[in-house]
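run_38.cif follows (mmCIF, C-alpha atoms):
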```cif
data_work
loop_
_atom_site.label_atom_id
_atom_site.label_comp_id
_atom_site.auth_asym_id
_atom_site.auth_seq_id
_atom_site.Cartn_x
_atom_site.Cartn_y
_atom_site.Cartn_z
CA MET Y 543 -15.26 -57.32 209.01
CA THR Y 544 -18.50 -55.42 209.66
CA GLN Y 545 -18.72 -56.83 213.17
CA HIS Y 546 -15.09 -55.94 213.85
CA VAL Y 547 -15.69 -52.31 212.91
CA GLN Y 548 -18.87 -52.36 215.00
CA LEU Y 549 -16.89 -53.63 217.98
CA LEU Y 550 -14.43 -50.75 217.73
CA GLN Y 551 -17.20 -48.23 217.13
CA LEU Y 552 -19.04 -49.32 220.27
CA ALA Y 553 -15.99 -48.73 222.44
CA TYR Y 554 -14.35 -45.87 220.52
CA PRO Y 555 -17.10 -44.13 218.53
CA SER Y 556 -16.07 -41.81 215.72
CA ALA Y 557 -17.62 -40.35 212.59
CA ARG Y 558 -15.00 -42.19 210.52
CA ARG Y 559 -15.94 -45.64 211.81
CA ALA Y 560 -19.63 -44.78 211.56
CA HIS Y 561 -19.01 -43.99 207.89
CA TYR Y 562 -17.25 -47.34 207.46
CA LEU Y 563 -20.25 -49.10 208.98
CA ASP Y 564 -22.58 -47.34 206.57
CA ILE Y 565 -20.46 -48.62 203.69
CA LEU Y 566 -20.16 -52.19 205.00
CA GLN Y 567 -23.87 -52.40 205.80
CA GLY Y 568 -24.90 -50.80 202.51
CA GLN Y 569 -25.76 -52.38 199.18
CA SER Y 570 -22.97 -50.92 197.06
CA TYR Y 571 -20.27 -53.49 196.30
CA ALA Y 572 -18.23 -50.79 194.58
CA ASP Y 573 -18.11 -48.69 197.77
CA LYS Y 574 -17.06 -51.71 199.80
CA LEU Y 575 -14.28 -52.50 197.36
CA GLU Y 576 -13.14 -48.86 197.21
CA PHE Y 577 -12.85 -48.50 201.00
CA GLN Y 578 -11.71 -52.04 201.81
CA ASP Y 579 -8.01 -51.22 202.21
CA GLU Y 580 -8.76 -48.09 204.22
CA ILE Y 581 -11.00 -50.01 206.63
CA ILE Y 582 -8.44 -52.80 207.03
CA ASN Y 583 -5.69 -50.27 207.73
CA ASP Y 584 -7.86 -48.60 210.37
CA ILE Y 585 -8.44 -51.93 212.15
CA VAL Y 586 -4.78 -52.95 211.95
CA SER Y 587 -3.62 -49.53 213.17
CA PHE Y 588 -6.01 -49.67 216.13
CA TRP Y 589 -4.60 -52.92 217.46
CA SER Y 590 -0.98 -52.30 216.49
CA GLU Y 591 -0.90 -48.95 218.27
CA ARG Y 592 -1.98 -50.81 221.40
CA GLN Y 593 0.70 -53.50 221.06
CA VAL Y 594 -1.71 -56.31 220.16
CA SER Y 595 -0.14 -58.58 217.53
CA LEU Y 596 -2.29 -59.79 214.65
CA PRO Y 597 -1.86 -62.66 212.13
CA TYR Y 598 -2.19 -59.96 209.47
CA HIS Y 599 1.48 -59.08 209.87
CA GLN Y 600 2.48 -62.62 208.85
CA LEU Y 601 0.41 -62.71 205.65
CA ASN Y 602 2.22 -63.30 202.40
CA PHE Y 603 1.09 -60.46 200.14
CA HIS Y 604 3.11 -61.75 197.18
CA HIS Y 605 0.10 -64.03 196.71
CA VAL Y 606 -2.86 -61.75 197.29
CA PRO Y 607 -5.00 -63.26 200.07
CA SER Y 608 -8.76 -63.28 199.82
CA THR Y 609 -10.92 -60.73 201.62
CA GLN Y 610 -12.11 -63.46 203.96
CA VAL Y 611 -8.54 -64.43 204.88
CA ILE Y 612 -7.63 -60.79 205.51
CA ALA Y 613 -10.74 -60.26 207.65
CA MET Y 614 -9.77 -63.21 209.84
CA ALA Y 615 -6.12 -62.09 209.97
CA VAL Y 616 -7.02 -58.70 211.51
CA GLU Y 617 -8.86 -60.35 214.40
CA PRO Y 618 -7.02 -60.47 217.75
CA GLN Y 619 -6.07 -64.05 218.57
CA VAL Y 620 -7.90 -64.44 221.87
CA GLU Y 621 -10.22 -67.26 222.87
CA ASP Y 622 -13.29 -65.14 223.58
CA TYR Y 623 -13.28 -62.98 220.45
CA LEU Y 624 -15.97 -64.92 218.56
CA ALA Y 625 -18.10 -65.38 221.67
CA VAL Y 626 -18.00 -61.64 222.36
CA GLN Y 627 -18.82 -60.83 218.75
CA ASN Y 628 -21.78 -63.23 218.77
CA ALA Y 629 -23.08 -61.68 222.01
CA ILE Y 630 -22.76 -58.16 220.59
CA ARG Y 631 -24.49 -59.16 217.38
CA LYS Y 632 -27.45 -60.49 219.35
CA LEU Y 633 -27.60 -57.38 221.53
CA LEU Y 634 -27.64 -55.07 218.53
CA TRP Y 635 -30.33 -57.20 216.92
CA LEU Y 636 -32.41 -56.86 220.09
CA GLN Y 637 -31.90 -53.10 220.00
CA GLN Y 638 -33.40 -53.02 216.51
CA GLN Y 639 -36.39 -55.13 217.54
CA SER Y 640 -37.55 -53.08 220.52
CA SER Y 641 -37.60 -49.58 221.95
CA TRP Y 642 -36.63 -51.17 225.30
CA ALA Y 643 -38.92 -48.90 227.32
CA ALA Y 644 -38.19 -48.71 231.04
CA ILE Y 645 -40.08 -51.17 233.24
CA GLU Y 646 -41.20 -49.43 236.43
CA PRO Y 647 -43.42 -51.52 238.72
CA GLY Y 648 -43.08 -49.00 241.54
CA GLY Y 649 -42.14 -51.58 244.18
CA LEU Y 650 -40.75 -55.05 244.78
CA LEU Y 651 -42.18 -58.01 242.86
CA ARG Y 652 -42.10 -61.54 244.28
CA GLN Y 653 -43.36 -64.93 243.18
CA GLY Y 654 -47.16 -64.98 243.30
CA ASP Y 655 -47.56 -61.22 242.88
CA SER Y 656 -49.78 -59.79 240.18
CA HIS Y 657 -48.77 -56.67 238.30
CA LYS Y 658 -49.19 -55.27 234.80
CA THR Y 659 -45.40 -55.02 234.28
CA ILE Y 660 -44.84 -58.78 234.76
CA LYS Y 661 -45.84 -59.41 231.15
CA ALA Y 662 -43.11 -57.02 229.94
CA ILE Y 663 -40.58 -58.60 232.29
CA THR Y 664 -41.42 -62.07 230.94
CA GLN Y 665 -41.01 -60.94 227.35
CA ARG Y 666 -37.72 -59.21 228.11
CA LEU Y 667 -36.21 -62.24 229.83
CA GLN Y 668 -37.27 -64.39 226.88
CA LEU Y 669 -35.52 -62.02 224.48
CA LEU Y 670 -32.38 -61.99 226.60
CA GLY Y 671 -32.30 -65.80 226.81
CA ASP Y 672 -32.60 -66.03 230.59
CA LEU Y 673 -36.09 -67.51 230.45
CA VAL Y 674 -35.62 -70.73 228.51
CA THR Y 675 -39.04 -72.20 229.35
CA GLU Y 676 -41.80 -71.23 226.94
CA ILE Y 677 -44.45 -69.59 229.09
CA GLU Y 678 -47.31 -67.23 228.36
CA ALA Y 679 -46.60 -63.60 229.22
CA GLU Y 680 -49.21 -63.05 231.93
CA SER Y 681 -49.61 -60.61 234.82
CA VAL Y 682 -48.88 -63.17 237.56
CA TYR Y 683 -45.33 -63.79 238.77
CA SER Y 684 -45.04 -67.55 238.26
CA THR Y 685 -42.50 -70.13 239.44
CA GLU Y 686 -41.18 -70.48 235.88
CA LEU Y 687 -40.65 -66.74 235.65
CA MET Y 688 -38.80 -66.75 238.97
CA LEU Y 689 -36.29 -69.25 237.56
CA GLY Y 690 -35.63 -66.89 234.67
CA VAL Y 691 -35.22 -63.95 237.05
CA GLN Y 692 -32.73 -65.92 239.14
CA GLN Y 693 -30.72 -66.82 236.02
CA PHE Y 694 -30.71 -63.15 235.05
CA GLN Y 695 -29.65 -62.12 238.55
CA ALA Y 696 -26.82 -64.67 238.61
CA ARG Y 697 -25.18 -63.40 235.43
CA HIS Y 698 -25.43 -59.81 236.66
CA GLY Y 699 -23.78 -60.58 240.00
CA LEU Y 700 -26.96 -59.99 242.01
CA LYS Y 701 -28.49 -61.87 244.89
CA THR Y 702 -30.39 -64.75 243.30
CA ASP Y 703 -33.51 -64.41 245.44
CA GLY Y 704 -35.97 -64.00 242.59
CA VAL Y 705 -37.14 -60.67 244.00
CA ILE Y 706 -37.42 -58.00 241.32
CA GLY Y 707 -36.13 -54.88 243.02
CA PRO Y 708 -34.11 -51.77 242.05
CA LYS Y 709 -30.86 -53.58 241.18
CA THR Y 710 -32.58 -56.20 239.02
CA LEU Y 711 -34.66 -53.51 237.32
CA TYR Y 712 -31.55 -51.43 236.67
CA TRP Y 713 -30.07 -54.22 234.55
CA LEU Y 714 -33.42 -55.13 232.96
CA ASN Y 715 -33.76 -51.53 231.83
CA ARG Y 716 -30.24 -51.17 230.45
CA THR Y 717 -30.73 -51.17 226.69
CA PRO Y 718 -29.07 -53.84 224.55
CA TYR Y 719 -26.99 -51.09 222.94
CA GLN Y 720 -25.70 -49.94 226.35
CA LYS Y 721 -24.79 -53.52 227.24
CA ALA Y 722 -23.06 -54.00 223.90
CA GLN Y 723 -20.99 -50.89 224.61
CA LEU Y 724 -20.04 -52.18 228.05
CA LEU Y 725 -19.06 -55.59 226.69
CA ALA Y 726 -17.05 -54.09 223.83
CA GLN Y 727 -15.19 -51.71 226.15
CA SER Y 728 -14.31 -54.46 228.61
CA PHE Y 729 -13.25 -56.89 225.89
CA ILE Y 730 -10.96 -54.40 224.16
CA GLU Y 731 -9.41 -53.20 227.41
CA LYS Y 732 -8.83 -56.80 228.54
CA THR Y 733 -7.35 -57.84 225.20
CA ILE Y 734 -4.93 -54.91 225.20
CA TYR Y 735 -3.92 -55.50 228.81
CA LEU Y 736 -3.34 -59.23 228.50
CA ALA Y 737 -1.29 -58.84 225.32
CA SER Y 738 1.79 -57.85 227.34
CA ILE Y 739 1.17 -59.38 230.74
CA GLY Y 740 3.46 -62.43 230.61
CA ASP Y 741 2.71 -66.10 231.28
CA ARG Y 742 2.74 -66.13 235.13
CA TYR Y 743 0.73 -63.61 237.13
CA LEU Y 744 -1.99 -63.00 239.66
CA LEU Y 745 -4.92 -60.88 238.55
CA VAL Y 746 -7.85 -59.42 240.49
CA ASN Y 747 -10.86 -58.17 238.51
CA ILE Y 748 -12.30 -55.66 240.97
CA PRO Y 749 -15.98 -55.38 239.85
CA ALA Y 750 -16.13 -59.17 239.34
CA TYR Y 751 -14.84 -59.78 242.89
CA LYS Y 752 -12.61 -62.49 241.42
CA LEU Y 753 -8.96 -63.51 241.60
CA HIS Y 754 -7.18 -65.50 238.88
CA LEU Y 755 -3.77 -67.12 239.24
CA VAL Y 756 -2.11 -68.00 235.92
CA ASP Y 757 1.06 -70.07 235.57
CA ASN Y 758 2.61 -70.92 232.21
CA ASN Y 759 -0.47 -69.37 230.56
CA GLN Y 760 -2.69 -71.88 232.39
CA LEU Y 761 -5.32 -70.91 234.93
CA VAL Y 762 -4.35 -72.74 238.12
CA LEU Y 763 -6.57 -71.04 240.72
CA THR Y 764 -9.66 -68.83 240.94
CA SER Y 765 -11.12 -67.38 244.09
CA ARG Y 766 -13.84 -65.05 245.24
CA VAL Y 767 -12.48 -61.88 246.80
CA ILE Y 768 -13.64 -58.89 248.80
CA VAL Y 769 -12.54 -55.47 247.56
CA GLY Y 770 -12.67 -51.90 248.82
CA LYS Y 771 -15.84 -49.96 249.49
CA ALA Y 772 -16.85 -47.20 247.08
CA TYR Y 773 -15.31 -44.58 249.36
CA ARG Y 774 -12.20 -46.72 250.10
CA GLN Y 775 -11.51 -48.08 246.66
CA THR Y 776 -9.13 -50.84 245.75
CA PRO Y 777 -6.90 -49.15 243.17
CA VAL Y 778 -6.38 -50.24 239.59
CA PHE Y 779 -2.76 -51.21 239.95
CA GLN Y 780 0.13 -53.36 238.79
CA GLY Y 781 3.11 -54.43 240.86
CA GLU Y 782 5.14 -57.42 242.00
CA ILE Y 783 4.51 -59.71 244.96
CA SER Y 784 7.74 -59.98 246.91
CA ASN Y 785 6.79 -61.64 250.22
CA ILE Y 786 4.20 -63.79 251.91
CA VAL Y 787 3.63 -63.54 255.65
CA ILE Y 788 2.36 -66.27 257.98
CA ASN Y 789 0.54 -65.07 261.11
CA PRO Y 790 0.82 -61.38 260.24
CA THR Y 791 0.40 -58.58 262.72
CA TRP Y 792 -1.82 -55.69 261.63
CA THR Y 793 -0.67 -52.13 262.09
CA VAL Y 794 -3.83 -50.04 261.82
CA PRO Y 795 -3.51 -47.23 259.24
CA ARG Y 796 -4.07 -43.81 260.75
CA LYS Y 797 -7.07 -42.96 258.59
CA LEU Y 798 -8.72 -46.28 259.37
CA LEU Y 799 -7.96 -45.83 263.06
CA ARG Y 800 -9.82 -42.52 263.17
CA ARG Y 801 -12.75 -43.57 261.01
CA ASP Y 802 -13.42 -47.05 262.36
CA LEU Y 803 -11.57 -47.98 265.54
CA LEU Y 804 -11.64 -44.84 267.68
CA PRO Y 805 -15.47 -44.70 267.65
CA LYS Y 806 -15.49 -48.31 268.91
CA ILE Y 807 -12.94 -47.52 271.63
CA ARG Y 808 -14.94 -44.46 272.72
CA LYS Y 809 -17.95 -46.72 273.07
CA ASP Y 810 -16.08 -49.54 274.84
CA GLY Y 811 -12.62 -49.07 276.31
CA ASN Y 812 -12.18 -52.85 276.57
CA TYR Y 813 -12.10 -53.03 272.76
CA VAL Y 814 -8.31 -52.61 272.80
CA VAL Y 815 -7.77 -55.68 274.99
CA ASP Y 816 -10.63 -57.77 273.63
CA GLU Y 817 -9.38 -57.44 270.04
CA GLN Y 818 -5.78 -58.14 271.12
CA PHE Y 819 -4.20 -54.82 270.19
CA ASP Y 820 -0.82 -53.69 271.45
CA VAL Y 821 -0.55 -49.92 271.77
CA TYR Y 822 2.66 -47.93 271.13
CA ASP Y 823 3.54 -44.27 271.39
CA TYR Y 824 5.40 -42.57 268.56
CA SER Y 825 8.73 -43.39 270.20
CA GLY Y 826 7.95 -47.11 269.95
CA ASN Y 827 7.22 -47.61 273.65
CA ARG Y 828 4.39 -49.94 274.53
CA VAL Y 829 1.56 -48.24 276.43
CA ALA Y 830 -0.95 -49.84 278.82
CA LYS Y 831 -4.07 -48.14 280.21
CA GLU Y 832 -7.39 -49.00 281.82
CA ALA Y 833 -10.54 -49.23 279.73
CA GLU Y 834 -11.85 -45.86 280.94
CA GLN Y 835 -8.55 -44.21 280.08
CA TRP Y 836 -8.63 -45.60 276.57
CA GLN Y 837 -12.13 -44.19 276.16
CA GLN Y 838 -10.85 -40.78 277.17
CA GLU Y 839 -7.82 -41.02 274.90
CA ALA Y 840 -10.02 -41.99 271.96
CA SER Y 841 -11.98 -38.77 272.41
CA GLY Y 842 -8.82 -36.69 271.95
CA ARG Y 843 -5.78 -36.58 269.69
CA PHE Y 844 -4.86 -40.25 270.38
CA PRO Y 845 -1.08 -40.10 269.82
CA TYR Y 846 -0.68 -43.87 269.58
CA ARG Y 847 -0.21 -46.68 267.09
CA LEU Y 848 -2.32 -49.86 267.29
CA VAL Y 849 -0.85 -53.22 266.31
CA GLN Y 850 -3.08 -56.30 266.40
CA ARG Y 851 -1.39 -59.53 267.41
CA PRO Y 852 -1.64 -62.71 265.28
CA GLY Y 853 -4.55 -65.05 265.95
CA LYS Y 854 -8.21 -65.59 265.22
CA HIS Y 855 -9.07 -61.96 265.96
CA ASN Y 856 -6.50 -60.58 263.54
CA ALA Y 857 -8.07 -58.63 260.68
CA LEU Y 858 -5.57 -60.09 258.20
CA GLY Y 859 -6.23 -63.68 259.19
CA ARG Y 860 -3.60 -66.35 258.59
CA TYR Y 861 -1.72 -64.95 255.57
CA LYS Y 862 -0.71 -61.62 254.11
CA ILE Y 863 0.62 -61.38 250.55
CA HIS Y 864 2.79 -58.30 250.25
CA PHE Y 865 3.80 -56.12 247.29
CA GLN Y 866 5.39 -52.70 247.41
CA ASN Y 867 2.99 -49.78 246.81
CA ASP Y 868 2.33 -46.32 248.19
CA LEU Y 869 -1.28 -47.11 249.11
CA ASN Y 870 -0.57 -49.84 251.67
CA VAL Y 871 -2.74 -52.30 249.75
CA TYR Y 872 -2.16 -56.06 249.84
CA LEU Y 873 -3.89 -59.44 249.64
CA HIS Y 874 -4.84 -61.21 252.85
CA ASP Y 875 -6.99 -63.70 254.69
CA THR Y 876 -10.00 -62.71 256.83
CA PRO Y 877 -11.57 -63.80 260.14
CA THR Y 878 -15.04 -63.25 258.60
CA PRO Y 879 -15.23 -65.76 255.70
CA GLU Y 880 -19.03 -65.65 255.68
CA LEU Y 881 -18.81 -62.33 253.79
CA PHE Y 882 -17.68 -64.19 250.68
CA ASN Y 883 -21.27 -65.39 250.28
CA GLU Y 884 -22.45 -61.82 249.68
CA PRO Y 885 -23.06 -61.13 245.96
CA GLN Y 886 -21.77 -57.56 246.21
CA ARG Y 887 -18.44 -57.69 248.02
CA ALA Y 888 -17.13 -54.12 248.01
CA LEU Y 889 -16.73 -54.33 251.78
CA SER Y 890 -13.08 -53.74 252.70
CA SER Y 891 -11.00 -50.65 253.36
CA GLY Y 892 -9.07 -51.05 250.11
CA CYS Y 893 -7.12 -54.28 250.57
CA VAL Y 894 -8.25 -57.49 248.90
CA ARG Y 895 -9.44 -60.42 251.03
CA VAL Y 896 -9.05 -63.81 249.34
CA GLU Y 897 -11.42 -66.71 250.03
CA SER Y 898 -9.07 -69.44 248.77
CA ILE Y 899 -6.13 -68.00 250.67
CA GLN Y 900 -4.85 -71.39 251.86
CA GLU Y 901 -4.77 -72.77 248.31
CA LEU Y 902 -3.03 -69.62 247.14
CA ALA Y 903 -0.49 -69.84 249.98
CA ASN Y 904 0.13 -73.49 249.12
CA TRP Y 905 0.90 -72.53 245.51
CA PHE Y 906 3.40 -69.93 246.72
CA ALA Y 907 4.97 -72.53 249.00
CA ASP Y 908 5.27 -75.08 246.19
CA ASN Y 909 6.55 -72.68 243.57
CA LEU Y 910 8.16 -69.56 245.02
CA VAL Y 911 8.90 -69.70 248.76
CA GLU Y 912 12.64 -70.05 249.45
CA ASP Y 913 12.66 -71.32 253.05
CA GLN Y 914 10.58 -74.49 252.70
CA ARG Y 915 11.69 -75.96 256.06
CA THR Y 916 10.50 -72.97 258.13
CA TRP Y 917 7.30 -72.80 256.10
CA GLN Y 918 6.42 -76.39 256.94
CA ARG Y 919 7.31 -75.93 260.61
CA LEU Y 920 4.99 -72.92 260.98
CA GLN Y 921 1.96 -74.61 259.49
CA SER Y 922 0.94 -75.69 263.00
CA ASP Y 923 2.05 -72.44 264.65
CA TYR Y 924 -0.61 -69.72 264.76
CA GLU Y 925 1.25 -67.14 266.83
CA THR Y 926 4.73 -66.65 265.35
CA THR Y 927 4.89 -63.99 262.66
CA GLN Y 928 7.25 -64.91 259.82
CA TRP Y 929 8.01 -63.15 256.55
CA PHE Y 930 9.03 -65.36 253.62
CA SER Y 931 11.02 -64.17 250.64
CA LEU Y 932 10.25 -65.51 247.18
CA LYS Y 933 12.63 -67.02 244.66
CA GLN Y 934 11.29 -64.53 242.15
CA LYS Y 935 8.65 -61.83 242.27
CA LEU Y 936 5.18 -62.56 240.94
CA PRO Y 937 3.44 -59.86 238.86
CA VAL Y 938 0.11 -58.77 240.35
CA HIS Y 939 -2.58 -56.85 238.47
CA PHE Y 940 -5.71 -55.16 239.78
CA VAL Y 941 -8.00 -54.46 236.82
CA TYR Y 942 -11.51 -53.12 236.23
CA TRP Y 943 -13.45 -55.16 233.67
CA PRO Y 944 -17.21 -55.22 234.41
CA ALA Y 945 -18.38 -57.35 231.45
CA TRP Y 946 -17.20 -60.55 229.80
CA VAL Y 947 -18.32 -63.83 228.21
CA ASN Y 948 -17.59 -66.85 230.40
CA ASP Y 949 -16.41 -70.30 229.36
CA GLN Y 950 -20.03 -71.38 228.82
CA HIS Y 951 -20.51 -68.45 226.39
CA VAL Y 952 -22.85 -66.70 228.83
CA VAL Y 953 -22.48 -62.93 229.00
CA GLN Y 954 -21.72 -61.63 232.50
CA TYR Y 955 -22.18 -58.08 233.76
CA ARG Y 956 -21.20 -56.49 237.04
CA ASP Y 957 -22.01 -53.19 238.66
CA ASP Y 958 -19.70 -50.25 238.04
CA ILE Y 959 -19.01 -50.11 241.78
CA TYR Y 960 -16.55 -47.21 241.60
CA ARG Y 961 -18.34 -45.30 238.82
CA LYS Y 962 -15.24 -45.42 236.64
CA LEU Y 963 -16.91 -46.01 233.30
CA VAL Y 964 -17.74 -43.24 230.89
CA THR Y 965 -20.24 -44.39 228.29
CA PRO Y 966 -19.17 -43.05 224.89
CA VAL Y 967 -21.83 -41.06 223.06
CA PRO Y 968 -22.29 -42.36 219.53
CA THR Y 969 -22.22 -39.82 216.74
CA LYS Y 970 -25.39 -39.13 214.82
CA ILE Y 971 -23.99 -41.08 211.88
CA ALA Y 972 -23.31 -44.08 214.10
CA GLN Y 973 -26.87 -44.06 215.40
CA ASN Y 974 -28.15 -43.94 211.86
CA SER Y 975 -26.03 -46.94 210.89
CA LEU Y 976 -27.43 -48.87 213.84
CA ALA Y 977 -30.98 -48.18 212.75
CA ARG Y 978 -30.54 -50.02 209.47
#
```
Output the file's structure as C-alpha cells, nothing else.
Amino acid sequence: MTQHVQLLQLAYPSARRAHYLDILQGQSYADKLEFQDEIINDIVSFWSERQVSLPYHQLNFHHVPSTQVIAMAVEPQVEDYLAVQNAIRKLLWLQQQSSWAAIEPGGLLRQGDSHKTIKAITQRLQLLGDLVTEIEAESVYSTELMLGVQQFQARHGLKTDGVIGPKTLYWLNRTPYQKAQLLAQSFIEKTIYLASIGDRYLLVNIPAYKLHLVDNNQLVLTSRVIVGKAYRQTPVFQGEISNIVINPTWTVPRKLLRRDLLPKIRKDGNYVVDEQFDVYDYSGNRVAKEAEQWQQEASGRFPYRLVQRPGKHNALGRYKIHFQNDLNVYLHDTPTPELFNEPQRALSSGCVRVESIQELANWFADNLVEDQRTWQRLQSDYETTQWFSLKQKLPVHFVYWPAWVNDQHVVQYRDDIYRKLVTPVPTKIAQNSLAR
C-alpha cells in the first residue's frame, strides 16, 4: 500500500498523502492501524472518482479480508501496474543514493574521447541499468560505454549514435525523482483514459510517435507516425473515423498556403505545375497562368485555392483516413517515407502520417469498408479519388503520454515536444518522507 500512496503522491502531491507516507514508512504499527481505513478510502476515492473500477468493490466484508487482500483489491487491474511500481521503486531508491549532480562536459563526447565527466556518465548508466557490462569507470569513452549510451538513447527516443550531446545529457541529468513523477503521471492518465475507451479503437500517442490499433481488446497493429511540429501541434483529441479515401486530393489550408507554399511559388512559378496543383478562384473556376504570373500572384493577396491531384506527388499519399473535427486534422500516407527513420518525428503541419498505412487500410477494408467490390477494383488505380463509407465508425484517440513501461519491462521516456507537462511541486512534508 505504501507504493500505491507514493504513486498517487508523485502525480498528485498533497500534504495529506505526504502525511500518509510518513505513517506507512514509519515504525509505529499503532499509527498504521489507526490510519489504515482512512488511507484505503483515499485510494479508493481517487480511482472511483475517475471511473476506474477496482476489485475492492467486490470484496465480501461480511468476512473481514486481510490487509494484504485489501491492498491488492485497491490496485487498478491493468497489466503494467506492477512493472510501473517496480520502476518507480527503483527510481526513488536511486534518488536516495545520490545527489544526481548535473553532468556538464561542455561539448560533444564520442567514442575514444577523454574527459573527466566520462567516469560520472559510466557510473550513472550503471545505476540506471543501461550499462549491463561491468567496466571500470575511467576517463576514456570506451566501446563498452558506447553500447550503454546507445541503449540509454534508444529508450529515451533519441538518435542511437552513441554521441553524448545536449539531448542525451538532458535525460542523463533528469533526477530519478523527476523521472518517477513523469512515469507516475503518464501511468495514471493512461489508466484513467483506457478505463472507458471501449474494446475497438485507434490510438495515437503523440510524444511516442506511435499508433496502436486495438480490436476486441487485442492489439492488431502498431505503426510509427509523424505528428505536428511544436508550432503546428497535433491536438489531443477524440473522435470517430467515418471514411477512408483512396487516392485523395489535397486542398491546401489557407494558413499552410501562406506559410509554406507561397514562398516556394514566389521563388519558382513552375512549382504549381511541377507539384500537380489545380488552381481555383473563390467562385470555383479553374485558373491557369504562366510561371511568371504565378510568381507575381504569390507576392500579393493570392485569391485562389490550391488542390493537389492524386499521385506520387500528393502530400497525402495513397490513403486519407477522415474523421470530423474543426481543426482539419486526419491520418494519411506520405510521399516521403524516409522521414519515419527520424527519431524525433514532430515534422508535420498537424495531421498524422502513418508508416504502416497500407496495413491499416487493409484492416479497414477487411473489417469496416462497405463497398468491397469498388475497393478491390481501385487497388490498381492510382488516379481516381474515391471516398468509402464504413459499416460503423471507429473511435480515434490522440493522447499525450510521454513515459511508460514496455512489454519487456523497460522504462521508456519521450520528450515533452509540446511543453504540455507541468511538474507538480512536492510539499515540504513529501520531500521529508522521501528522504527517509
Result set of the PyMOL selection byres ((chain Y and resi 684-696) around 8) on the coordinates above, as a VMD selection string: chain Y and resid 653 to 654 664 667 672 to 675 677 682 to 683 697 to 706 710
Surrounding residues of His951 of chain Y excluding itself and chain neighbours under 2 positions, 10 Å, all atoms listed in the file, as a list in words: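 In the requested form, the answer reads Asp622, Leu624, Ala625, Val626, Asn628, Ala629, Trp946, Val947, Asn948, Asp949, Val953 and Gln954 of chain Y.
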Ground truth for the PyMOL selection byres ((chain Y and resi 732) around 12), written as a VMD selection string: chain Y and resid 592 594 618 620 to 623 725 to 731 733 to 739 745 747 939 to 947
Result set of the PyMOL selection byres ((chain Y and resi 804) around 12) on the coordinates above, as a PyMOL selection string: chain Y and resi 794-803+805-814+836-848
Residues of the last selection are to be written out with C-alpha atoms, as a JSON list (two decimals), in the coordinates of the input.
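Once everything was written out, this is again35.json:
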```
[["chain", "number", "residue", "atom", "x", "y", "z"],
["Y", 794, "VAL", "CA", -3.83, -50.04, 261.82],
["Y", 795, "PRO", "CA", -3.51, -47.23, 259.24],
["Y", 796, "ARG", "CA", -4.07, -43.81, 260.75],
["Y", 797, "LYS", "CA", -7.07, -42.96, 258.59],
["Y", 798, "LEU", "CA", -8.72, -46.28, 259.37],
["Y", 799, "LEU", "CA", -7.96, -45.83, 263.06],
["Y", 800, "ARG", "CA", -9.82, -42.52, 263.17],
["Y", 801, "ARG", "CA", -12.75, -43.57, 261.01],
["Y", 802, "ASP", "CA", -13.42, -47.05, 262.36],
["Y", 803, "LEU", "CA", -11.57, -47.98, 265.54],
["Y", 805, "PRO", "CA", -15.47, -44.70, 267.65],
["Y", 806, "LYS", "CA", -15.49, -48.31, 268.91],
["Y", 807, "ILE", "CA", -12.94, -47.52, 271.63],
["Y", 808, "ARG", "CA", -14.94, -44.46, 272.72],
["Y", 809, "LYS", "CA", -17.95, -46.72, 273.07],
["Y", 810, "ASP", "CA", -16.08, -49.54, 274.84],
["Y", 811, "GLY", "CA", -12.62, -49.07, 276.31],
["Y", 812, "ASN", "CA", -12.18, -52.85, 276.57],
["Y", 813, "TYR", "CA", -12.10, -53.03, 272.76],
["Y", 814, "VAL", "CA", -8.31, -52.61, 272.80],
["Y", 836, "TRP", "CA", -8.63, -45.60, 276.57],
["Y", 837, "GLN", "CA", -12.13, -44.19, 276.16],
["Y", 838, "GLN", "CA", -10.85, -40.78, 277.17],
["Y", 839, "GLU", "CA", -7.82, -41.02, 274.90],
["Y", 840, "ALA", "CA", -10.02, -41.99, 271.96],
["Y", 841, "SER", "CA", -11.98, -38.77, 272.41],
["Y", 842, "GLY", "CA", -8.82, -36.69, 271.95],
["Y", 843, "ARG", "CA", -5.78, -36.58, 269.69],
["Y", 844, "PHE", "CA", -4.86, -40.25, 270.38],
["Y", 845, "PRO", "CA", -1.08, -40.10, 269.82],
["Y", 846, "TYR", "CA", -0.68, -43.87, 269.58],
["Y", 847, "ARG", "CA", -0.21, -46.68, 267.09],
["Y", 848, "LEU", "CA", -2.32, -49.86, 267.29]]
```
d(atom CA of Trp929 of chain Y, atom CA of Tyr872 of chain Y) in Å: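 Distance between the two atoms: 14.1 Å.
Residues lying within 8 Å of Asp757 of chain Y, counting all atoms listed in the file and ignoring same-chain neighbours fewer than 5 positions away, are Asp741, Arg742, Tyr743 and Val762 of chain Y.
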Please, could you write that set of residues out with C-alpha atoms as a compact mmCIF listing (two decimals), in the coordinates of the input?
```txt
# COMPACT_ATOMS: atom_id res chain seq x y z
CA ASP Y 741 2.71 -66.10 231.28
CA ARG Y 742 2.74 -66.13 235.13
CA TYR Y 743 0.73 -63.61 237.13
CA VAL Y 762 -4.35 -72.74 238.12
```
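Separating atom CA of Leu711 of chain Y from atom CA of Gln548 of chain Y is a distance of 27.4 Å.
Counting from atom CA of Leu744 of chain Y, the distance to atom CA of Val938 of chain Y is 4.8 Å.
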What are the centre and the three edge lengths of an axis-aligned box that wraps all atoms of segment 896-911 of chain Y in the file, given that 4 Å is added to every side, written as AutoDock Vina command-line options and rounded to one decimal in Å?
```
--center_x -1.3 --center_y -69.4 --center_z 247.7 --size_x 28.3 --size_y 19.3 --size_z 16.3
```
I'd like the neighbourhood of Gly859 of chain Y as a CSV table (one decimal) with C-alpha atoms, in the frame of the given file, where a residue qualifies if any of its atoms comes within 10 Å (using only C-alpha atoms), though same-chain residues fewer than 4 positions away should be ignored.
```csv
chain,number,residue,atom,x,y,z
Y,788,ILE,CA,2.4,-66.3,258.0
Y,789,ASN,CA,0.5,-65.1,261.1
Y,790,PRO,CA,0.8,-61.4,260.2
Y,791,THR,CA,0.4,-58.6,262.7
Y,792,TRP,CA,-1.8,-55.7,261.6
Y,852,PRO,CA,-1.6,-62.7,265.3
Y,853,GLY,CA,-4.6,-65.0,266.0
Y,854,LYS,CA,-8.2,-65.6,265.2
Y,855,HIS,CA,-9.1,-62.0,266.0
Y,874,HIS,CA,-4.8,-61.2,252.8
Y,875,ASP,CA,-7.0,-63.7,254.7
Y,876,THR,CA,-10.0,-62.7,256.8
Y,877,PRO,CA,-11.6,-63.8,260.1
Y,878,THR,CA,-15.0,-63.2,258.6
Y,879,PRO,CA,-15.2,-65.8,255.7
Y,895,ARG,CA,-9.4,-60.4,251.0
Y,899,ILE,CA,-6.1,-68.0,250.7
Y,924,TYR,CA,-0.6,-69.7,264.8
```
